[in-house]
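K.L.:
My structure is in data_38.csv, and what it holds is CSV, C-alpha atoms:
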```csv
chain,number,residue,atom,x,y,z
A,1,MET,CA,0.0,0.0,0.0
A,2,SER,CA,3.4,8.7,-2.3
A,3,SER,CA,6.4,13.6,-4.0
A,4,SER,CA,9.6,14.6,-3.2
A,5,LEU,CA,10.2,14.1,0.4
A,6,HIS,CA,12.7,17.0,0.6
A,7,SER,CA,15.4,14.8,2.0
A,8,PRO,CA,19.1,15.0,1.3
A,9,LEU,CA,18.9,11.4,0.3
A,10,TYR,CA,16.5,12.2,-2.5
A,11,SER,CA,18.6,15.1,-3.8
A,12,SER,CA,21.6,12.9,-4.1
A,13,LEU,CA,19.8,10.2,-6.2
A,14,SER,CA,19.9,10.3,-9.9
A,15,SER,CA,16.6,10.9,-11.5
A,16,SER,CA,16.2,7.4,-13.0
A,17,SER,CA,17.3,5.8,-9.7
A,18,ALA,CA,15.0,8.0,-7.7
A,19,LEU,CA,12.1,7.1,-10.0
A,20,GLN,CA,12.6,3.4,-9.5
A,21,ASP,CA,13.1,3.8,-5.7
A,22,ARG,CA,9.9,5.8,-5.1
A,23,LYS,CA,7.8,3.4,-7.1
A,24,LEU,CA,8.6,0.9,-4.4
A,25,ILE,CA,7.6,2.8,-1.3
A,26,ASN,CA,4.3,1.5,0.0
A,27,ALA,CA,2.7,4.5,1.6
A,28,VAL,CA,0.9,2.9,4.4
A,29,ASN,CA,1.1,5.4,7.2
A,30,PHE,CA,1.8,4.4,10.8
A,31,ALA,CA,3.5,7.7,11.7
A,32,LYS,CA,3.2,9.6,14.9
A,33,PRO,CA,0.4,12.2,14.9
A,34,ASN,CA,2.7,15.1,14.1
A,35,LEU,CA,4.2,13.2,11.2
A,36,ILE,CA,1.1,12.1,9.4
A,37,PHE,CA,0.0,13.5,6.0
A,38,LYS,CA,-2.1,16.5,6.8
A,39,PRO,CA,-3.4,18.6,3.9
A,40,ARG,CA,-3.6,22.4,4.4
A,41,ARG,CA,-4.7,25.2,2.3
A,42,SER,CA,-1.1,26.2,1.5
A,43,LEU,CA,0.7,22.9,1.2
A,44,PRO,CA,3.5,23.0,-1.4
A,45,LEU,CA,3.9,19.2,-1.5
A,46,ILE,CA,0.4,18.8,-2.9
A,47,ARG,CA,0.4,20.4,-6.3
A,48,ALA,CA,-1.2,19.8,-9.7
A,49,SER,CA,0.7,18.6,-12.6
A,50,ALA,CA,1.2,20.9,-15.6
A,51,GLY,CA,-2.0,21.8,-17.3
A,52,PHE,CA,-4.1,20.3,-14.5
A,53,SER,CA,-6.5,22.5,-12.6
A,54,SER,CA,-6.7,22.0,-8.9
A,55,SER,CA,-8.8,23.8,-6.3
A,56,LEU,CA,-5.6,24.1,-4.2
A,57,ASP,CA,-4.2,26.5,-6.8
A,58,THR,CA,-6.9,29.1,-5.8
A,59,GLY,CA,-6.2,28.8,-2.1
A,60,LEU,CA,-9.8,27.6,-1.4
A,61,SER,CA,-10.6,24.9,1.1
A,62,THR,CA,-11.2,21.4,-0.3
A,63,GLU,CA,-13.0,18.3,0.8
A,64,LEU,CA,-9.6,16.9,1.4
A,65,ASP,CA,-8.8,19.7,3.9
A,66,ALA,CA,-12.1,19.0,5.6
A,67,VAL,CA,-11.8,15.3,6.1
A,68,ALA,CA,-8.1,15.6,7.2
A,69,SER,CA,-9.3,17.7,10.1
A,70,HIS,CA,-11.1,14.6,11.5
A,71,SER,CA,-9.0,11.6,10.5
A,72,GLU,CA,-5.4,11.1,9.4
A,73,ILE,CA,-5.5,10.5,5.7
A,74,VAL,CA,-3.1,7.8,4.4
A,75,PRO,CA,-2.3,7.8,0.7
A,76,ASP,CA,-2.6,4.3,-0.7
A,77,THR,CA,-0.1,4.4,-3.5
A,78,VAL,CA,3.2,3.1,-4.8
A,79,ILE,CA,3.3,5.2,-8.0
A,80,PHE,CA,6.0,7.9,-8.4
A,81,ASP,CA,3.8,10.5,-10.0
A,82,ASP,CA,1.4,10.2,-7.0
A,83,PHE,CA,4.2,10.7,-4.6
A,84,GLU,CA,4.5,14.2,-6.0
A,85,LYS,CA,0.8,14.9,-5.0
A,86,PHE,CA,0.4,12.8,-1.9
A,87,PRO,CA,3.8,12.2,-0.2
A,88,PRO,CA,4.1,9.2,2.1
A,89,THR,CA,5.1,9.6,5.7
A,90,ALA,CA,5.7,5.9,6.5
A,91,GLY,CA,6.2,2.6,4.7
A,92,THR,CA,5.6,-1.1,4.7
A,93,VAL,CA,8.2,-3.7,3.7
A,94,SER,CA,6.8,-7.1,2.6
A,95,SER,CA,7.4,-10.1,0.4
A,96,SER,CA,5.5,-8.3,-2.4
A,97,LEU,CA,7.9,-5.3,-2.1
A,98,LEU,CA,10.9,-7.6,-2.2
A,99,LEU,CA,9.6,-9.2,-5.4
A,100,GLY,CA,9.2,-5.8,-6.9
A,101,ILE,CA,12.7,-4.8,-6.0
A,102,CYS,CA,14.2,-7.9,-7.5
A,103,GLY,CA,12.2,-7.2,-10.7
A,104,LEU,CA,13.7,-3.7,-11.0
A,105,PRO,CA,17.5,-4.1,-11.1
A,106,ASP,CA,18.3,-0.4,-11.3
A,107,THR,CA,16.6,0.5,-8.1
A,108,LYS,CA,18.6,1.7,-5.1
A,109,PHE,CA,16.7,-0.8,-3.0
A,110,LYS,CA,18.4,-3.7,-4.9
A,111,SER,CA,21.6,-2.9,-3.1
A,112,ALA,CA,19.8,-3.6,0.2
A,113,VAL,CA,18.8,-7.1,-1.0
A,114,ASP,CA,22.4,-7.7,-2.2
A,115,ARG,CA,23.7,-6.7,1.2
A,116,ALA,CA,21.3,-9.2,2.8
A,117,LEU,CA,22.3,-12.0,0.5
A,118,SER,CA,26.0,-11.4,1.2
A,119,ASP,CA,25.6,-11.5,4.9
A,120,SER,CA,28.3,-13.7,6.4
A,121,GLU,CA,26.2,-14.6,9.4
A,122,CYS,CA,23.6,-16.3,7.2
A,123,TYR,CA,26.2,-18.0,5.1
A,124,GLY,CA,27.7,-19.6,8.2
A,125,LEU,CA,24.4,-21.4,9.2
A,126,GLU,CA,24.3,-25.1,8.9
A,127,SER,CA,21.1,-25.9,7.0
A,128,SER,CA,19.8,-24.3,3.8
A,129,ASP,CA,16.5,-23.6,5.5
A,130,LEU,CA,18.2,-21.6,8.3
A,131,GLN,CA,20.2,-19.8,5.7
A,132,MET,CA,17.1,-18.8,3.7
A,133,SER,CA,15.3,-17.7,6.8
A,134,CYS,CA,18.2,-15.5,7.7
A,135,PHE,CA,18.6,-14.1,4.2
A,136,PHE,CA,14.8,-13.3,4.2
A,137,ASN,CA,15.0,-11.5,7.6
A,138,LYS,CA,18.1,-9.5,6.5
A,139,ALA,CA,16.4,-8.5,3.2
A,140,LEU,CA,13.3,-7.2,5.0
A,141,ALA,CA,15.4,-5.3,7.5
A,142,HIS,CA,17.9,-3.8,5.0
A,143,VAL,CA,15.0,-2.6,2.8
A,144,GLY,CA,13.1,-1.4,5.8
A,145,GLY,CA,16.2,0.4,7.0
A,146,ASP,CA,16.5,2.2,3.7
A,147,LEU,CA,12.8,3.1,3.8
A,148,ALA,CA,13.2,4.5,7.3
A,149,LYS,CA,15.8,6.9,5.9
A,150,LEU,CA,13.3,8.2,3.4
A,151,VAL,CA,10.1,8.6,5.5
A,152,PRO,CA,9.7,10.3,8.8
A,153,GLY,CA,7.2,7.8,10.3
A,154,ARG,CA,7.3,4.2,11.2
A,155,VAL,CA,8.0,1.2,8.9
A,156,SER,CA,5.8,-1.8,9.3
A,157,THR,CA,7.5,-5.2,8.5
A,158,GLU,CA,5.5,-8.2,7.4
A,159,VAL,CA,5.9,-11.3,9.6
A,160,ASP,CA,5.9,-14.6,7.8
A,161,ALA,CA,2.2,-15.7,7.5
A,162,ARG,CA,3.2,-19.4,7.6
A,163,LEU,CA,3.7,-18.8,11.4
A,164,ALA,CA,0.2,-17.3,11.8
A,165,TYR,CA,-0.9,-20.2,14.0
A,166,ASP,CA,2.3,-20.4,16.0
A,167,THR,CA,2.5,-17.8,18.8
A,168,HIS,CA,6.1,-18.7,19.8
A,169,GLY,CA,7.2,-18.9,16.2
A,170,ILE,CA,5.8,-15.4,15.6
A,171,VAL,CA,7.6,-14.0,18.7
A,172,ARG,CA,10.9,-15.6,17.6
A,173,LYS,CA,10.5,-14.2,14.1
A,174,VAL,CA,9.9,-10.7,15.3
A,175,HIS,CA,12.9,-11.0,17.7
A,176,ASP,CA,15.0,-12.1,14.7
A,177,LEU,CA,13.7,-9.2,12.6
A,178,LEU,CA,14.3,-6.7,15.4
A,179,LYS,CA,17.8,-8.0,15.8
A,180,ALA,CA,18.4,-7.5,12.1
A,181,TYR,CA,17.1,-3.9,12.3
A,182,THR,CA,19.2,-3.3,15.5
A,183,GLU,CA,22.4,-4.4,13.6
A,184,ILE,CA,21.8,-1.6,11.1
A,185,GLU,CA,20.9,0.9,13.8
A,186,VAL,CA,17.1,1.3,13.1
A,187,PRO,CA,15.6,2.0,16.6
A,188,PRO,CA,12.5,0.0,17.6
A,189,GLU,CA,10.3,3.0,18.0
A,190,ARG,CA,10.5,3.4,14.2
A,191,LEU,CA,9.1,-0.1,13.6
A,192,LEU,CA,5.9,-2.0,13.6
A,193,PHE,CA,5.5,-5.7,13.0
A,194,LYS,CA,2.6,-6.8,10.8
A,195,ILE,CA,1.0,-10.0,12.1
A,196,PRO,CA,-2.2,-11.8,10.8
A,197,ALA,CA,-5.0,-11.5,13.4
A,198,THR,CA,-5.4,-15.2,14.2
A,199,TRP,CA,-5.8,-16.0,17.9
A,200,GLN,CA,-2.1,-17.1,18.0
A,201,GLY,CA,-1.1,-13.8,16.2
A,202,ILE,CA,-3.1,-11.8,18.8
A,203,GLU,CA,-1.4,-13.7,21.6
A,204,ALA,CA,2.0,-13.0,20.0
A,205,SER,CA,1.0,-9.3,19.9
A,206,ARG,CA,0.3,-9.4,23.6
A,207,VAL,CA,3.7,-10.9,24.4
A,208,LEU,CA,5.6,-8.4,22.1
A,209,GLU,CA,3.7,-5.4,23.3
A,210,ASP,CA,4.6,-6.3,26.9
A,211,GLU,CA,8.2,-6.3,25.7
A,212,GLY,CA,7.8,-2.8,24.2
A,213,ILE,CA,7.7,-4.0,20.6
A,214,GLN,CA,5.0,-2.4,18.5
A,215,THR,CA,2.6,-4.6,16.5
A,216,HIS,CA,0.2,-4.1,13.7
A,217,LEU,CA,-2.5,-6.7,13.4
A,218,THR,CA,-4.0,-7.1,10.0
A,219,PHE,CA,-6.8,-9.1,8.3
A,220,VAL,CA,-9.4,-8.0,10.9
A,221,TYR,CA,-12.9,-8.9,9.7
A,222,SER,CA,-14.9,-9.5,12.9
A,223,PHE,CA,-15.6,-7.8,16.2
A,224,CYS,CA,-14.0,-10.6,18.2
A,225,GLN,CA,-10.7,-10.1,16.3
A,226,ALA,CA,-10.8,-6.3,17.0
A,227,ALA,CA,-11.8,-6.6,20.6
A,228,ALA,CA,-9.2,-9.3,21.4
A,229,ALA,CA,-6.5,-7.3,19.6
A,230,ALA,CA,-7.4,-4.3,21.7
A,231,GLN,CA,-7.3,-6.3,24.9
A,232,ALA,CA,-3.9,-7.6,23.8
A,233,GLY,CA,-2.6,-4.0,23.5
A,234,ALA,CA,-1.8,-4.1,19.7
A,235,SER,CA,-0.5,-0.7,18.5
A,236,VAL,CA,-2.5,-0.8,15.3
A,237,ILE,CA,-5.3,-2.9,13.9
A,238,GLN,CA,-6.4,-2.8,10.3
A,239,ILE,CA,-10.0,-3.5,9.1
A,240,PHE,CA,-10.7,-3.9,5.4
A,241,VAL,CA,-14.0,-2.2,4.8
A,242,GLY,CA,-14.5,-2.9,1.1
A,243,ARG,CA,-13.5,-6.5,1.3
A,244,LEU,CA,-16.1,-7.3,4.0
A,245,ARG,CA,-18.7,-5.4,1.9
A,246,ASP,CA,-17.8,-7.4,-1.2
A,247,TRP,CA,-18.1,-10.7,0.8
A,248,SER,CA,-21.6,-9.7,2.0
A,249,ARG,CA,-22.8,-9.2,-1.5
A,250,ASN,CA,-22.0,-12.7,-2.6
A,251,HIS,CA,-22.4,-14.8,0.6
A,252,THR,CA,-24.8,-15.5,3.4
A,253,GLY,CA,-24.6,-17.2,6.8
A,254,ASP,CA,-22.4,-14.8,8.8
A,255,SER,CA,-24.5,-13.6,11.8
A,256,GLU,CA,-22.4,-10.5,12.3
A,257,VAL,CA,-22.6,-9.4,8.7
A,258,GLU,CA,-26.3,-10.2,8.5
A,259,SER,CA,-27.0,-8.3,11.7
A,260,ALA,CA,-25.5,-5.2,10.1
A,261,LEU,CA,-27.5,-5.7,7.0
A,262,ARG,CA,-30.7,-6.0,8.9
A,263,ARG,CA,-30.0,-2.6,10.5
A,264,GLY,CA,-29.5,-1.2,7.1
A,265,GLU,CA,-25.8,-0.7,7.7
A,266,ASP,CA,-22.7,-1.6,5.6
A,267,PRO,CA,-21.0,-4.5,7.3
A,268,GLY,CA,-17.5,-3.0,6.9
A,269,LEU,CA,-18.4,0.4,8.2
A,270,ALA,CA,-20.4,-1.1,11.0
A,271,LEU,CA,-17.4,-3.2,12.1
A,272,VAL,CA,-15.1,-0.1,12.1
A,273,THR,CA,-17.7,1.8,14.1
A,274,LYS,CA,-18.1,-0.9,16.7
A,275,ALA,CA,-14.3,-1.5,17.0
A,276,TYR,CA,-13.7,2.3,17.4
A,277,ASN,CA,-16.4,2.6,20.0
A,278,TYR,CA,-15.0,-0.4,22.0
A,279,ILE,CA,-11.4,0.9,21.9
A,280,HIS,CA,-12.4,4.4,23.0
A,281,LYS,CA,-15.1,3.6,25.5
A,282,TYR,CA,-12.9,1.2,27.4
A,283,GLY,CA,-9.6,3.0,27.2
A,284,HIS,CA,-7.5,0.7,25.0
A,285,LYS,CA,-4.3,2.2,23.5
A,286,THR,CA,-4.9,0.7,20.0
A,287,LYS,CA,-5.1,2.9,16.9
A,288,LEU,CA,-7.7,1.8,14.3
A,289,MET,CA,-7.0,1.8,10.6
A,290,ALA,CA,-9.7,1.6,7.9
A,291,ALA,CA,-8.5,0.1,4.6
A,292,ALA,CA,-10.0,-1.1,1.4
A,293,VAL,CA,-11.9,2.3,1.1
A,294,ARG,CA,-13.7,2.4,-2.2
A,295,ASN,CA,-15.2,5.9,-2.6
A,296,LYS,CA,-15.7,9.3,-1.0
A,297,GLN,CA,-18.8,8.3,0.8
A,298,ASP,CA,-16.8,5.7,2.6
A,299,VAL,CA,-14.3,8.4,3.8
A,300,PHE,CA,-17.2,10.6,5.0
A,301,ASN,CA,-18.7,7.7,6.9
A,302,LEU,CA,-15.4,6.9,8.6
A,303,LEU,CA,-14.5,10.4,9.8
A,304,GLY,CA,-13.0,10.3,13.2
A,305,VAL,CA,-11.3,6.9,12.8
A,306,ASP,CA,-7.5,7.2,13.5
A,307,TYR,CA,-6.3,6.4,10.0
A,308,ILE,CA,-8.1,6.0,6.6
A,309,ILE,CA,-6.0,4.4,3.9
A,310,THR,CA,-7.4,6.2,0.8
A,311,PRO,CA,-6.9,5.3,-2.9
A,312,LEU,CA,-5.5,7.9,-5.2
A,313,LYS,CA,-8.6,8.3,-7.2
A,314,VAL,CA,-10.6,9.1,-4.1
A,315,LEU,CA,-7.9,11.5,-2.8
A,316,GLN,CA,-7.8,13.2,-6.1
A,317,SER,CA,-11.6,13.6,-6.1
A,318,LEU,CA,-11.5,15.0,-2.6
A,319,LYS,CA,-8.7,17.4,-3.5
A,320,GLU,CA,-10.6,18.6,-6.6
A,321,SER,CA,-13.9,19.3,-4.7
A,322,VAL,CA,-14.0,22.9,-3.4
A,323,THR,CA,-15.9,23.9,-0.3
A,324,LEU,CA,-16.4,27.6,-0.4
A,325,PRO,CA,-16.1,29.7,2.8
A,326,ASP,CA,-19.8,30.8,2.7
A,327,GLU,CA,-21.2,27.3,2.1
A,328,LYS,CA,-23.3,25.8,4.9
A,329,TYR,CA,-22.1,22.3,4.0
A,330,SER,CA,-20.1,20.7,6.8
A,331,PHE,CA,-18.4,17.4,7.3
A,332,THR,CA,-19.7,15.6,10.4
A,333,ARG,CA,-17.3,13.5,12.5
A,334,ARG,CA,-19.1,10.1,12.7
A,335,LEU,CA,-16.7,8.6,15.2
A,336,SER,CA,-15.7,10.3,18.4
A,337,PRO,CA,-15.0,9.6,22.1
A,338,GLN,CA,-18.4,11.1,22.9
A,339,SER,CA,-20.2,8.8,20.5
A,340,ALA,CA,-18.2,5.8,21.8
A,341,ALA,CA,-19.2,6.6,25.4
A,342,ALA,CA,-22.9,6.3,24.4
A,343,PHE,CA,-22.5,3.1,22.5
A,344,ASN,CA,-24.0,0.0,24.2
A,345,PHE,CA,-22.3,-3.4,24.0
A,346,THR,CA,-23.7,-6.8,25.0
A,347,GLN,CA,-22.2,-8.8,27.8
A,348,ASP,CA,-20.8,-11.3,25.2
A,349,GLU,CA,-19.0,-8.5,23.4
A,350,LEU,CA,-17.5,-7.3,26.7
A,351,GLN,CA,-16.1,-10.6,27.7
A,352,LYS,CA,-12.4,-11.3,28.2
A,353,TRP,CA,-11.7,-13.1,25.0
A,354,ASP,CA,-9.9,-16.5,25.1
A,355,GLN,CA,-9.2,-19.0,22.4
A,356,TYR,CA,-12.4,-20.9,22.8
A,357,SER,CA,-14.7,-17.8,22.7
A,358,PHE,CA,-12.7,-16.3,19.9
A,359,SER,CA,-12.9,-19.4,17.7
A,360,SER,CA,-16.7,-19.7,18.4
A,361,ALA,CA,-17.3,-16.0,17.5
A,362,MET,CA,-15.3,-16.2,14.2
A,363,GLY,CA,-18.0,-16.3,11.5
A,364,PRO,CA,-17.5,-17.5,7.9
A,365,ALA,CA,-16.7,-14.0,6.6
A,366,SER,CA,-13.8,-13.5,8.9
A,367,VAL,CA,-12.5,-17.1,8.5
A,368,GLU,CA,-12.6,-17.0,4.8
A,369,LEU,CA,-11.2,-13.5,4.3
A,370,LEU,CA,-8.4,-14.1,6.9
A,371,THR,CA,-7.4,-17.3,5.1
A,372,ILE,CA,-7.4,-15.6,1.7
A,373,GLY,CA,-5.2,-12.8,3.0
A,374,MET,CA,-2.7,-15.1,4.6
A,375,ASP,CA,-2.6,-17.4,1.5
A,376,GLY,CA,-1.6,-14.3,-0.5
A,377,TYR,CA,1.2,-13.5,1.9
A,378,ILE,CA,2.4,-17.1,2.0
A,379,ASN,CA,2.5,-17.4,-1.8
A,380,GLN,CA,4.5,-14.2,-2.1
A,381,ALA,CA,7.0,-15.4,0.6
A,382,LYS,CA,7.5,-18.7,-1.3
A,383,ARG,CA,8.2,-16.8,-4.5
A,384,VAL,CA,10.8,-14.6,-2.7
A,385,GLU,CA,12.5,-17.7,-1.5
A,386,GLU,CA,12.5,-19.3,-4.9
A,387,LEU,CA,13.9,-16.1,-6.4
A,388,PHE,CA,16.6,-15.8,-3.7
A,389,GLY,CA,17.6,-19.4,-4.4
A,390,LYS,CA,18.2,-18.5,-8.0
A,391,ILE,CA,20.1,-15.2,-7.6
A,392,TRP,CA,22.3,-16.1,-4.6
A,393,PRO,CA,25.1,-15.4,-4.3
A,394,PRO,CA,24.9,-11.8,-5.6
A,395,PRO,CA,27.6,-10.3,-7.9
A,396,ASN,CA,31.1,-9.9,-6.4
A,397,VAL,CA,30.4,-12.2,-3.4
```
Just give me the structure of the file as structure tokens.
P.N.:
Amino acid sequence: MSSSLHSPLYSSLSSSSALQDRKLINAVNFAKPNLIFKPRRSLPLIRASAGFSSSLDTGLSTELDAVASHSEIVPDTVIFDDFEKFPPTAGTVSSSLLLGICGLPDTKFKSAVDRALSDSECYGLESSDLQMSCFFNKALAHVGGDLAKLVPGRVSTEVDARLAYDTHGIVRKVHDLLKAYTEIEVPPERLLFKIPATWQGIEASRVLEDEGIQTHLTFVYSFCQAAAAAQAGASVIQIFVGRLRDWSRNHTGDSEVESALRRGEDPGLALVTKAYNYIHKYGHKTKLMAAAVRNKQDVFNLLGVDYIITPLKVLQSLKESVTLPDEKYSFTRRLSPQSAAAFNFTQDELQKWDQYSFSSAMGPASVELLTIGMDGYINQAKRVEELFGKIWPPPNV
């Protein structure tokens, strides 16, 4: 899941190299509040391309200005031209990103992969499986370290989804990744570790957060996942609004989804609302991220949530829509601590979640969508390993 960042690193890159590099930054924002993308009326980093009219050129307020006053808007882009309009403030490093890097030999990030594949520590391990795991960890860390030099916020690192049902395996993997980052002097406060929201993943998040390691739980499609993640103290949880909506259009049999539909609510938006209200009503530290946003109305309905990952076509539409000073139209914050305080939960929803209650509450939508998401991660990780097996050792090693 992106403009000149006005960094000395960028100014030192050649134009072709910089173009390739910036194509690869996944602008998924986990930055601290003062580092997040915040449009303003006079924001030089957001500018129209030649011959393209923008409401920002006139100094008028836009819908983008309005929505950014309620939620932190996260540009969902990896395209260079869009960096110029919507600069990223943080990044995600993943198997998918490594595949992209290896497919673009001229990119500066390729040197990060080469450094990982030439690491003497990995080469000295006894088995090929241990060597490959080490190379993979080093590659993620070296690319993540380079990303951390280019963005002011946090870098989220994918944790191997093949470990999603192994709490101890996840914890060990995160420790290994953190060690690799520490070796290249990336401090832990700049990092998040992205873990699938299985019960075992949530338990691993609890252990890691207790150690002061920040976690990002992904593939959240049910209230039990969100509530258990909040109880575990996860730093960020990510709900995919559009994916849950798409599932509801083609499937039946999920009580949570059907309950939302009977109330006339969109299942994805309803889940974000309930998760937000739970987190804020009961004082959990977790930040809530809404992803898979499909249109402007989704953004308007999510106002007040901590982060909204917003596609470029939606951001562009918000940026192009002017709100004149004398207009009565206003953008209403739908989610707030006040609305959370008034929200009523059932006793079942307020329980202390354990593995049995969690498994019982996972409906077909969350089970299926979680599995699909993890399968995608696993397939990409296997492709990276196959590729590393072909290109190792790198040149001059």
K.L.:
Return the single residue from A:Tyr181, A:Pro364, A:Ala161, A:Ile372 that is closest to Glu258 of chain A, with distances computed using all atoms listed in the file.
P.N.:
A:Pro364
K.L.:
Skip Ala290 of chain A itself and residues of its chain fewer than 4 positions away, then list as a ChimeraX atom specification all residues within 12 Å of it, counting only C-alpha atoms.
P.N.:
/A:28-29,71-74,76,218-221,236-244,268-273,275-276,294,298-299,301-311
K.L.:
Of the residues A:Pro187, A:Thr167, A:Ala180, A:Tyr123, which is the one nearest to Leu140 of chain A, using all atoms listed in the file?
P.N.:
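Selected residue with least distance to Leu140 of chain A: A:Ala180.
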K.L.:
Counting only C-alpha atoms, figure out which residue out of A:Leu318, A:Tyr165, A:Gln200, A:Gly363 gets nearest to Gly253 of chain A.
P.N.:
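Of A:Leu318, A:Tyr165, A:Gln200, A:Gly363, the one nearest Gly253 of chain A, counting only C-alpha atoms, is A:Gly363.
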K.L.:
I want to know what sits within 8 Å of Ser156 of chain A, based on all atoms listed in the file, with residues of the same chain fewer than 3 positions away left out; could you give that as a list in words?
P.N.:
Phe30, Gly91, Thr92, Val93, Leu191, Leu192, Phe193, Lys194 and His216 of chain A
K.L.:
Please indicate the distance in Å from atom CA of Ala340 of chain A to atom CA of Met289 of chain A, rounded to one decimal place.
P.N.:
16.3 Å
